[in-house]
Amino acid sequence: MSYRRMPWKNGLGSTLELATDATTNAAVGGSPWTWRLSIGDVPVRAAFSAFPGIDRHIACLDGAGLELRRGVERIAVAREGTAFAFAGEETLEGDPIGAGVRDANLMLDRRVWRGELTIVRNGAAMPAQINADLVVMYAAQCAHPLECRANGQPILLRPSETLVCPERVEIDFGSEASTLVIARILRTR
């Protein structure tokens, strides 16, 4: 799978687009995308670009940490577990703690999708099952390919690969340390 490096809408950074429905939508004359999973480099404190109608989920993937500023409120972005969710219309600033900060970012057109983003860091054996209309999983770090079952079919998820699967993914984290970015995407009903 090849990834695209895209400049931020505000021009102050870049994002690595891991997966999106842009190609599918463009083929049927639709909007550029209705969902997108990406990894963003956060080199300096900067305002988030406005994305009206988009729900966003953000988690700190690499680096010492990331703080969001909403007016005078300070929000520490999770490094593990469920990501921070906010509306794309909100005025927020991201402030990296030190160098080398990267975030995982799930963007969903709220007319079509709802969902959640989770960062899983696990060094112990722990099989898991993820259910959604669409499961998108990125192997940010793993020493060896992870054994998965996508709708019952065996598949290996290698380091830096992304899996996009409708409905159900089962994964065995094995006994080695790994970091996964997992997006559960559900149709708005």
# chains A, B, ... in the order shown; residues from 1 in each chain; ligands from 1
call {"tool": "residues_around", "arguments": {"residues": "Leu18 in chain A", "least_positions_apart": "2", "cutoff": "12 Å", "atoms": "only C-alpha atoms", "output": "count of residues only"}}
result
34
call {"tool": "select_by_dssp", "arguments": {"residues": "range 2-182 of chain A", "states": "strand (DSSP E)", "output": "number ranges by chain"}}
result
A: 4-7, 14-20, 35-41, 46-47, 54-62, 66-70, 73-76, 81-82, 84-87, 93-96, 102-109, 113-122, 127-142, 146-150, 153-157, 162-172, 178-182
call {"tool": "residues_around", "arguments": {"residues": "range 68-76 of chain A", "least_positions_apart": "5", "cutoff": "6 Å", "atoms": "only C-alpha atoms", "output": "list in words"}}
result
Leu92, Glu93 and Gly94 of chain A
call {"tool": "write_last_selection", "arguments": {"atoms": "N, CA and C atoms", "output": "PDB file, in the first residue's frame"}}
result
ATOM      1  N   LEU A  92      -8.963  25.163  17.773  1.00  0.00           N
ATOM      2  CA  LEU A  92      -7.995  24.500  18.652  1.00  0.00           C
ATOM      3  C   LEU A  92      -6.583  24.747  18.145  1.00  0.00           C
ATOM      4  N   GLU A  93      -5.631  24.698  19.065  1.00  0.00           N
ATOM      5  CA  GLU A  93      -4.219  24.716  18.697  1.00  0.00           C
ATOM      6  C   GLU A  93      -3.574  23.450  19.219  1.00  0.00           C
ATOM      7  N   GLY A  94      -2.638  22.914  18.456  1.00  0.00           N
ATOM      8  CA  GLY A  94      -1.845  21.779  18.903  1.00  0.00           C
ATOM      9  C   GLY A  94      -0.471  22.264  19.317  1.00  0.00           C
TER      10      GLY A  94
END
call {"tool": "atom_distance", "arguments": {"atom1": "CA of Leu108 in chain A", "atom2": "CA of Glu89 in chain A"}}
result
12.7 Å
call {"tool": "select_by_dssp", "arguments": {"residues": "range 1-172 of chain A", "states": "alpha helix (DSSP H)", "output": "ChimeraX atom specification"}}
result
/A:22-27
call {"tool": "write_last_selection", "arguments": {"atoms": "C-alpha atoms", "output": "PDB file, in the first residue's frame"}}
result
ATOM      1  CA  ALA A  22     -11.303   9.395  -1.804  1.00  0.00           C
ATOM      2  CA  THR A  23     -10.670   7.138  -4.803  1.00  0.00           C
ATOM      3  CA  THR A  24     -14.030   5.414  -4.400  1.00  0.00           C
ATOM      4  CA  ASN A  25     -15.883   8.714  -4.052  1.00  0.00           C
ATOM      5  CA  ALA A  26     -14.104  10.349  -6.993  1.00  0.00           C
ATOM      6  CA  ALA A  27     -15.009   7.371  -9.198  1.00  0.00           C
TER       7      ALA A  27
END
call {"tool": "residues_around", "arguments": {"residues": "Val44 in chain A", "least_positions_apart": "6", "cutoff": "10 Å", "atoms": "only C-alpha atoms", "output": "PyMOL selection string"}}
result
chain A and resi 12-13+94-99+101
call {"tool": "closest_residue", "arguments": {"among": "A:Glu170, A:Glu116, A:Ala150, A:Leu157", "to": "Gln129 in chain A", "atoms": "only C-alpha atoms"}}
result
A:Glu170
